[in-house]
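Enquirer: Questions regarding the structure given below will be posed in turn.
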Amino acid sequence: MSEEDLHFMRLALQLGERAQGAAWPNPAVGCVLVADGRIVGRGWTGPGGRPHAETVALARAGAAARGSTAYVTLEPCAHHGRTPPCCEALVAAGVARVVVPMLDPDPRVDGRGIAALRAAGVVVDVGCLEAEARRAHAGFLARHAARRPMVTLKVAASLDGRIAVASGIGRWLTGERARAWAHRLRAEHDAVLVGSGTVLADDPDLTCRLPGLSRRSPVRVVLDRRLRLPLKSRLVRTARRRPVWVVTRSSADPAHRARLEAQGVRVELLPHERSERLADTLALLAESGITRLLVEGGREIATAFVRAGLVDRMVLFHAPILLGAEGVSMVGGLDVPRPDAAPRWIAVEDRSVGEDRMLVLEPAGETRCSPAS
Ligand code: AOF
Ligand code: ZN
């Protein structure tokens, strides 16, 4: 790969990021068309996955696409789905070369896009910035390979790892800049998940309230085995504007369920033993198209995800305060017998956000995108 290839693929990856959290159930793909060293078209996957990135870039380029190189962050599709195949569109437009980091794991594509392009005489180079693309498509890949979304756990804690004072008040530990980042995280995920305890304690609305990004608010998911979600909660009152999904047990009170559904809440039922297993809840979300899930708490939920090995990425905001031993710790019991048996994390990003510090961590060792029990 030349420097030029790396440069334009980086640009395509950046464009794809713009669709993150909005393209589900599809991957957020970016595309740059380059002719004689000049960009003639750019595109990214549209809301809900349509149009595909290549369609947008080709439309922008028009006749200038002839003889160009297309940098696409995922193998162009080969199937007649909700849009015609992108590989046919690239050939029809006269694109001479296509550069992609990786194949599309969707069984309808999976190498067929590249084969069709090559059969039509287009030069195809595979593998440019593959690691970066795998990270960008982690949610889409997890949904296909592990029947679950990629999971990001967000925690705002004091220096000593407490998320609230003893009375349970945990709001405003971090400053305004960190809170803005947290809202951006919501926009970049398809869904945000909390436990019903958090709803009862904080009555959050879980939307993205950044200027211009309110339409990017995620689906709001409540794990609520006892179906305690109050009709008066902010979530229920706004359920018609942004989706609210509640996952509960099939034995939940049918009258309350009907009242919630009448307010626009989607109630998903799981048999008793399946409702105890997070992996079953995640499979249900993946079946509904969710590729990127942001877990926001509270402590019981965070603990359950960590214990199950179901966290792919942790975003930890550290406020420069101490709350002491009487504060509520960020995770509950993990039964760690010795330090060397502790779940270990690798920091992939570490930066100041206003007066707070943001750490992005990934589990050390094998990737966790494998089916868990
Ligand atoms: C592309 N470019 O921008 C995206 C692709 O339901 P459909 O017809 O939109 O097809 C969805 C599949 O298309 C999805 O599973 C993935 O394989 C591919 N997504 N492909 O060429 C894009 N978003
Ligand atoms: Zn396509």
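Residues are referred to by chain and number: the chain letter is A, B, ... according to the order shown in the structure tokens, the number counts from 1 in that chain, and ligands are numbered separately from 1 in the order shown.
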Which residues are near ligand 2 in this structure, taking near to mean any atom at most 8 Å from a ligand atom and counting only C-alpha atoms and all ligand atoms? Format them as a ChimeraX atom specification.
Expert: /A:51-55,76-79,83-87
Enquirer: Counting only C-alpha atoms, what is within 10 Å of A:Gly197, bar same-chain residues fewer than 5 positions away, as a list in words?
Expert: Asp202, Asp203, Val222, Leu223, Asp224, Arg228, Leu229, Gly297, Gly298, Arg299, Glu300 and Ile301 of chain A
Enquirer: Which protein, DNA or RNA residues have an atom within 9 Å of ligand 1, counting only C-alpha atoms and all ligand atoms, as a ChimeraX atom specification?
Expert: /A:16,23-31,43-46,48-56,72-87,104-110,113,140,144
Enquirer: Name the residues in contact with A:Val311 at a cut-off of 8 Å, using only C-alpha atoms, excluding same-chain residues fewer than 6 positions from it; report them as a ChimeraX atom specification.
Expert: /A:150-153,305,363,368
Enquirer: Check stretch 118-173 of chain A with DSSP on the backbone and list each residue it calls helix (DSSP H, G or I), as a list in words.
Expert: Arg118, Ala119, Glu130, Ala131, Glu132, Ala133, Arg134, Arg135, Ala136, Ala138, Gly139, Phe140, Leu141, Ala142, Arg143, His144, Ala145 and Ala146 of chain A
Enquirer: Just want the 9 Å neighbourhood of A:Val315, counted on only C-alpha atoms, with same-chain residues fewer than 5 positions away dropped. Output as a ChimeraX atom specification.
Expert: /A:152-156,358-361
Enquirer: Which residues are near A:Val165? Cut-off 9 Å, only C-alpha atoms, ignore same chain within fewer than 2 positions. Put them as a PyMOL selection string.
Expert: chain A and resi 162-163+167-170+323-324+326-328
Enquirer: Could you name the residues that touch A:Leu334 at 9 Å or less, counting only C-alpha atoms, but leaving out those on the same chain fewer than 3 positions away, as a PyMOL selection string?
Expert: chain A and resi 303+306-307+331+342
Enquirer: Which is closest to A:Ala19 among A:Ala136, A:Leu285, A:His7, A:Asp340, if we use only C-alpha atoms?
Expert: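 Result for the nearest residue to A:Ala19: A:Ala136.
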Enquirer: Using only C-alpha atoms, which protein or nucleic acid residues come within 10 Å of A:Arg66? Drop anything in the same chain fewer than 4 positions from it, and give the result as a ChimeraX atom specification.
Expert: /A:33-35,58,61-62,90-96
Enquirer: What is the distance, in Å and to one decimal place, between atom CA of A:Ser68 and atom CA of A:Arg135?
Expert: 26.9 Å
Enquirer: Running DSSP on the backbone, which parts of stretch 64-227 of chain A land in strand (DSSP E), as a CSV table (one decimal) with all heavy atoms, in the first residue's frame?
Expert:
chain,number,residue,atom,x,y,z
A,69,THR,N,-10.0,5.7,-8.5
A,69,THR,CA,-9.8,4.7,-7.5
A,69,THR,C,-10.9,4.9,-6.4
A,69,THR,O,-11.0,6.0,-5.9
A,69,THR,CB,-8.4,4.8,-6.9
A,69,THR,OG1,-7.5,4.5,-8.0
A,69,THR,CG2,-8.2,3.8,-5.8
A,70,ALA,N,-11.6,3.8,-6.0
A,70,ALA,CA,-12.5,4.0,-4.9
A,70,ALA,C,-11.9,3.4,-3.6
A,70,ALA,O,-11.5,2.2,-3.6
A,70,ALA,CB,-13.8,3.2,-5.2
A,71,TYR,N,-11.9,4.2,-2.6
A,71,TYR,CA,-11.4,3.7,-1.2
A,71,TYR,C,-12.7,3.5,-0.4
A,71,TYR,O,-13.4,4.4,-0.1
A,71,TYR,CB,-10.5,4.7,-0.6
A,71,TYR,CG,-9.2,4.9,-1.3
A,71,TYR,CD1,-9.1,5.9,-2.3
A,71,TYR,CD2,-8.1,4.2,-1.0
A,71,TYR,CE1,-8.0,6.0,-3.1
A,71,TYR,CE2,-6.9,4.3,-1.7
A,71,TYR,CZ,-6.9,5.2,-2.7
A,71,TYR,OH,-5.7,5.4,-3.4
A,72,VAL,N,-13.0,2.2,-0.1
A,72,VAL,CA,-14.2,1.9,0.6
A,72,VAL,C,-13.8,1.1,1.9
A,72,VAL,O,-12.9,0.2,1.8
A,72,VAL,CB,-15.2,1.0,-0.2
A,72,VAL,CG1,-16.5,1.0,0.4
A,72,VAL,CG2,-15.3,1.5,-1.7
A,97,ARG,N,-10.1,1.0,-10.1
A,97,ARG,CA,-9.5,0.3,-9.0
A,97,ARG,C,-10.3,0.5,-7.7
A,97,ARG,O,-10.8,1.6,-7.4
A,97,ARG,CB,-8.0,0.8,-8.8
A,97,ARG,CG,-7.2,0.2,-7.7
A,97,ARG,CD,-5.8,0.8,-7.7
A,97,ARG,NE,-5.1,0.3,-6.5
A,97,ARG,CZ,-4.6,1.1,-5.6
A,97,ARG,NH1,-4.6,2.4,-5.7
A,97,ARG,NH2,-4.0,0.6,-4.5
A,98,VAL,N,-10.3,-0.6,-6.9
A,98,VAL,CA,-11.1,-0.5,-5.6
A,98,VAL,C,-10.1,-0.9,-4.5
A,98,VAL,O,-9.5,-2.0,-4.6
A,98,VAL,CB,-12.3,-1.3,-5.6
A,98,VAL,CG1,-13.0,-1.4,-4.2
A,98,VAL,CG2,-13.4,-0.8,-6.6
A,99,VAL,N,-10.0,-0.1,-3.4
A,99,VAL,CA,-9.1,-0.5,-2.3
A,99,VAL,C,-10.0,-0.7,-1.1
A,99,VAL,O,-10.9,0.2,-0.8
A,99,VAL,CB,-8.1,0.6,-2.0
A,99,VAL,CG1,-7.2,0.2,-0.9
A,99,VAL,CG2,-7.3,0.9,-3.3
A,100,VAL,N,-9.9,-1.9,-0.5
A,100,VAL,CA,-10.8,-2.1,0.7
A,100,VAL,C,-9.9,-2.8,1.8
A,100,VAL,O,-8.9,-3.4,1.5
A,100,VAL,CB,-11.9,-3.1,0.5
A,100,VAL,CG1,-13.0,-2.5,-0.5
A,100,VAL,CG2,-11.4,-4.4,-0.1
A,123,VAL,N,-9.3,-3.5,-10.8
A,123,VAL,CA,-8.2,-4.0,-9.9
A,123,VAL,C,-8.7,-3.8,-8.4
A,123,VAL,O,-9.2,-2.8,-8.1
A,123,VAL,CB,-6.9,-3.1,-10.1
A,123,VAL,CG1,-5.8,-3.4,-9.1
A,123,VAL,CG2,-6.5,-3.2,-11.5
A,124,VAL,N,-8.5,-4.9,-7.6
A,124,VAL,CA,-9.0,-4.8,-6.2
A,124,VAL,C,-7.8,-5.1,-5.3
A,124,VAL,O,-7.2,-6.1,-5.4
A,124,VAL,CB,-10.2,-5.8,-5.9
A,124,VAL,CG1,-10.7,-5.6,-4.5
A,124,VAL,CG2,-11.3,-5.6,-6.9
A,125,ASP,N,-7.6,-4.2,-4.4
A,125,ASP,CA,-6.5,-4.4,-3.3
A,125,ASP,C,-7.2,-4.5,-2.0
A,125,ASP,O,-7.9,-3.6,-1.6
A,125,ASP,CB,-5.5,-3.2,-3.4
A,125,ASP,CG,-4.6,-3.3,-4.6
A,125,ASP,OD1,-4.2,-4.4,-5.0
A,125,ASP,OD2,-4.5,-2.2,-5.3
A,126,VAL,N,-6.9,-5.6,-1.3
A,126,VAL,CA,-7.5,-5.9,0.0
A,126,VAL,C,-6.5,-5.8,1.1
A,126,VAL,O,-5.4,-6.2,0.9
A,126,VAL,CB,-8.2,-7.3,0.0
A,126,VAL,CG1,-8.9,-7.5,1.3
A,126,VAL,CG2,-9.1,-7.5,-1.2
A,150,MET,N,-21.5,-5.1,19.8
A,150,MET,CA,-20.3,-4.7,20.5
A,150,MET,C,-20.8,-3.9,21.8
A,150,MET,O,-21.7,-3.1,21.7
A,150,MET,CB,-19.5,-3.7,19.6
A,150,MET,CG,-18.3,-3.1,20.3
A,150,MET,SD,-17.7,-1.8,19.3
A,150,MET,CE,-18.0,-0.4,20.4
A,151,VAL,N,-20.1,-4.1,22.9
A,151,VAL,CA,-20.5,-3.5,24.1
A,151,VAL,C,-19.5,-2.5,24.6
A,151,VAL,O,-18.3,-2.8,24.8
A,151,VAL,CB,-20.8,-4.5,25.2
A,151,VAL,CG1,-21.2,-3.9,26.6
A,151,VAL,CG2,-22.0,-5.4,24.8
A,152,THR,N,-19.9,-1.2,24.8
A,152,THR,CA,-19.1,-0.2,25.5
A,152,THR,C,-19.7,0.1,26.9
A,152,THR,O,-20.9,0.3,27.0
A,152,THR,CB,-19.1,1.1,24.7
A,152,THR,OG1,-18.7,0.9,23.3
A,152,THR,CG2,-18.1,2.1,25.3
A,153,LEU,N,-18.9,-0.1,27.9
A,153,LEU,CA,-19.3,0.3,29.2
A,153,LEU,C,-18.8,1.7,29.6
A,153,LEU,O,-17.6,1.9,29.5
A,153,LEU,CB,-18.8,-0.7,30.2
A,153,LEU,CG,-19.0,-0.4,31.7
A,153,LEU,CD1,-20.5,-0.5,32.1
A,153,LEU,CD2,-18.2,-1.5,32.6
A,154,LYS,N,-19.7,2.6,29.9
A,154,LYS,CA,-19.3,3.9,30.3
A,154,LYS,C,-19.4,4.1,31.8
A,154,LYS,O,-20.5,3.8,32.4
A,154,LYS,CB,-20.2,5.0,29.6
A,154,LYS,CG,-19.7,6.4,29.8
A,154,LYS,CD,-20.8,7.4,30.0
A,154,LYS,CE,-21.1,7.6,31.4
A,154,LYS,NZ,-22.1,8.6,31.7
A,155,VAL,N,-18.4,4.6,32.4
A,155,VAL,CA,-18.4,4.8,33.9
A,155,VAL,C,-17.8,6.2,34.2
A,155,VAL,O,-16.8,6.6,33.6
A,155,VAL,CB,-17.5,3.7,34.6
A,155,VAL,CG1,-17.6,3.9,36.1
A,155,VAL,CG2,-17.9,2.3,34.3
A,156,ALA,N,-18.5,6.9,35.1
A,156,ALA,CA,-18.0,8.2,35.6
A,156,ALA,C,-17.7,8.0,37.1
A,156,ALA,O,-18.6,7.7,37.8
A,156,ALA,CB,-19.0,9.3,35.4
A,157,ALA,N,-16.4,8.1,37.5
A,157,ALA,CA,-16.1,7.7,38.8
A,157,ALA,C,-15.1,8.7,39.4
A,157,ALA,O,-14.5,9.5,38.7
A,157,ALA,CB,-15.4,6.3,38.8
A,158,SER,N,-15.0,8.7,40.7
A,158,SER,CA,-14.0,9.5,41.4
A,158,SER,C,-12.6,8.9,41.3
A,158,SER,O,-12.5,7.7,40.7
A,158,SER,CB,-14.4,9.6,42.9
A,158,SER,OG,-14.3,8.3,43.5
A,162,ARG,N,-15.2,5.5,42.9
A,162,ARG,CA,-16.6,5.5,43.4
A,162,ARG,C,-17.5,6.2,42.4
A,162,ARG,O,-17.1,7.2,41.9
A,162,ARG,CB,-16.7,6.2,44.8
A,162,ARG,CG,-15.6,5.8,45.8
A,162,ARG,CD,-16.0,4.6,46.5
A,162,ARG,NE,-14.8,3.8,46.8
A,162,ARG,CZ,-14.8,2.7,47.5
A,162,ARG,NH1,-16.0,2.2,47.9
A,162,ARG,NH2,-13.7,2.0,47.7
A,163,ILE,N,-18.7,5.7,42.3
A,163,ILE,CA,-19.6,6.3,41.3
A,163,ILE,C,-20.7,7.2,42.0
A,163,ILE,O,-21.5,7.8,41.3
A,163,ILE,CB,-20.3,5.3,40.4
A,163,ILE,CG1,-21.0,4.2,41.2
A,163,ILE,CG2,-19.3,4.7,39.5
A,163,ILE,CD1,-21.9,3.3,40.4
A,164,ALA,N,-20.8,7.1,43.3
A,164,ALA,CA,-21.8,7.9,44.1
A,164,ALA,C,-21.4,8.0,45.5
A,164,ALA,O,-20.6,7.1,46.0
A,164,ALA,CB,-23.2,7.2,43.9
A,191,ALA,N,-27.8,1.9,20.6
A,191,ALA,CA,-28.6,1.8,21.8
A,191,ALA,C,-27.9,2.0,23.0
A,191,ALA,O,-26.7,1.8,23.1
A,191,ALA,CB,-29.3,0.4,21.8
A,192,VAL,N,-28.6,2.5,24.1
A,192,VAL,CA,-28.0,2.7,25.4
A,192,VAL,C,-28.8,1.9,26.4
A,192,VAL,O,-30.0,1.8,26.2
A,192,VAL,CB,-27.9,4.2,25.7
A,192,VAL,CG1,-29.3,4.9,25.6
A,192,VAL,CG2,-27.4,4.5,27.1
A,193,LEU,N,-28.1,1.2,27.3
A,193,LEU,CA,-28.8,0.3,28.2
A,193,LEU,C,-28.5,0.7,29.7
A,193,LEU,O,-27.4,1.0,30.0
A,193,LEU,CB,-28.3,-1.1,27.9
A,193,LEU,CG,-28.9,-2.2,28.8
A,193,LEU,CD1,-29.0,-3.5,27.9
A,193,LEU,CD2,-28.0,-2.5,30.0
A,194,VAL,N,-29.6,0.7,30.5
A,194,VAL,CA,-29.5,0.9,31.9
A,194,VAL,C,-30.4,-0.2,32.6
A,194,VAL,O,-31.3,-0.8,31.9
A,194,VAL,CB,-29.9,2.3,32.4
A,194,VAL,CG1,-29.0,3.4,31.9
A,194,VAL,CG2,-31.4,2.6,32.0
A,195,GLY,N,-30.2,-0.3,33.9
A,195,GLY,CA,-31.1,-1.2,34.7
A,195,GLY,C,-32.2,-0.4,35.2
A,195,GLY,O,-32.1,0.9,35.3
A,219,VAL,N,-31.5,4.2,20.7
A,219,VAL,CA,-32.7,3.5,21.3
A,219,VAL,C,-32.3,3.3,22.7
A,219,VAL,O,-31.2,3.1,23.1
A,219,VAL,CB,-32.7,2.1,20.6
A,219,VAL,CG1,-33.7,1.2,21.4
A,219,VAL,CG2,-33.1,2.2,19.1
A,220,ARG,N,-33.3,3.5,23.6
A,220,ARG,CA,-33.1,3.4,25.0
A,220,ARG,C,-33.6,2.1,25.6
A,220,ARG,O,-34.8,1.8,25.4
A,220,ARG,CB,-33.7,4.6,25.7
A,220,ARG,CG,-33.0,5.9,25.2
A,220,ARG,CD,-33.8,7.1,25.4
A,220,ARG,NE,-35.1,7.2,24.8
A,220,ARG,CZ,-36.1,8.0,25.2
A,220,ARG,NH1,-35.8,8.9,26.1
A,220,ARG,NH2,-37.2,8.0,24.6
A,221,VAL,N,-32.7,1.3,26.1
A,221,VAL,CA,-33.1,-0.1,26.5
A,221,VAL,C,-33.0,-0.2,28.1
A,221,VAL,O,-32.0,0.3,28.7
A,221,VAL,CB,-32.1,-1.1,25.9
A,221,VAL,CG1,-32.5,-2.5,26.4
A,221,VAL,CG2,-32.1,-1.0,24.4
A,222,VAL,N,-34.0,-0.7,28.7
A,222,VAL,CA,-34.1,-0.9,30.1
A,222,VAL,C,-34.1,-2.4,30.4
A,222,VAL,O,-35.0,-3.1,30.0
A,222,VAL,CB,-35.3,-0.2,30.8
A,222,VAL,CG1,-35.2,-0.2,32.3
A,222,VAL,CG2,-35.3,1.3,30.3
A,223,LEU,N,-33.2,-2.8,31.2
A,223,LEU,CA,-33.3,-4.2,31.8
A,223,LEU,C,-34.1,-4.2,33.0
A,223,LEU,O,-33.7,-3.5,34.0
A,223,LEU,CB,-31.9,-4.7,32.1
A,223,LEU,CG,-31.0,-5.2,31.0
A,223,LEU,CD1,-29.8,-6.0,31.5
A,223,LEU,CD2,-31.7,-5.9,30.0
Enquirer: Please, what distance in Å, to one decimal, runs between atom CA of A:Asp350 and atom CA of A:Asp160?
Expert: 17.4 Å
Enquirer: Counting only C-alpha atoms, which residue out of A:Glu276, A:Ala239, A:Asp312, A:Glu130 sits closest to A:Leu6?
Expert: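 Closest candidate: A:Glu130.
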Enquirer: In Å, how far is it from atom CA of A:Gly333 to atom CA of A:Met314?
Expert: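 Atom CA of A:Met314 lies 17.8 Å from atom CA of A:Gly333.
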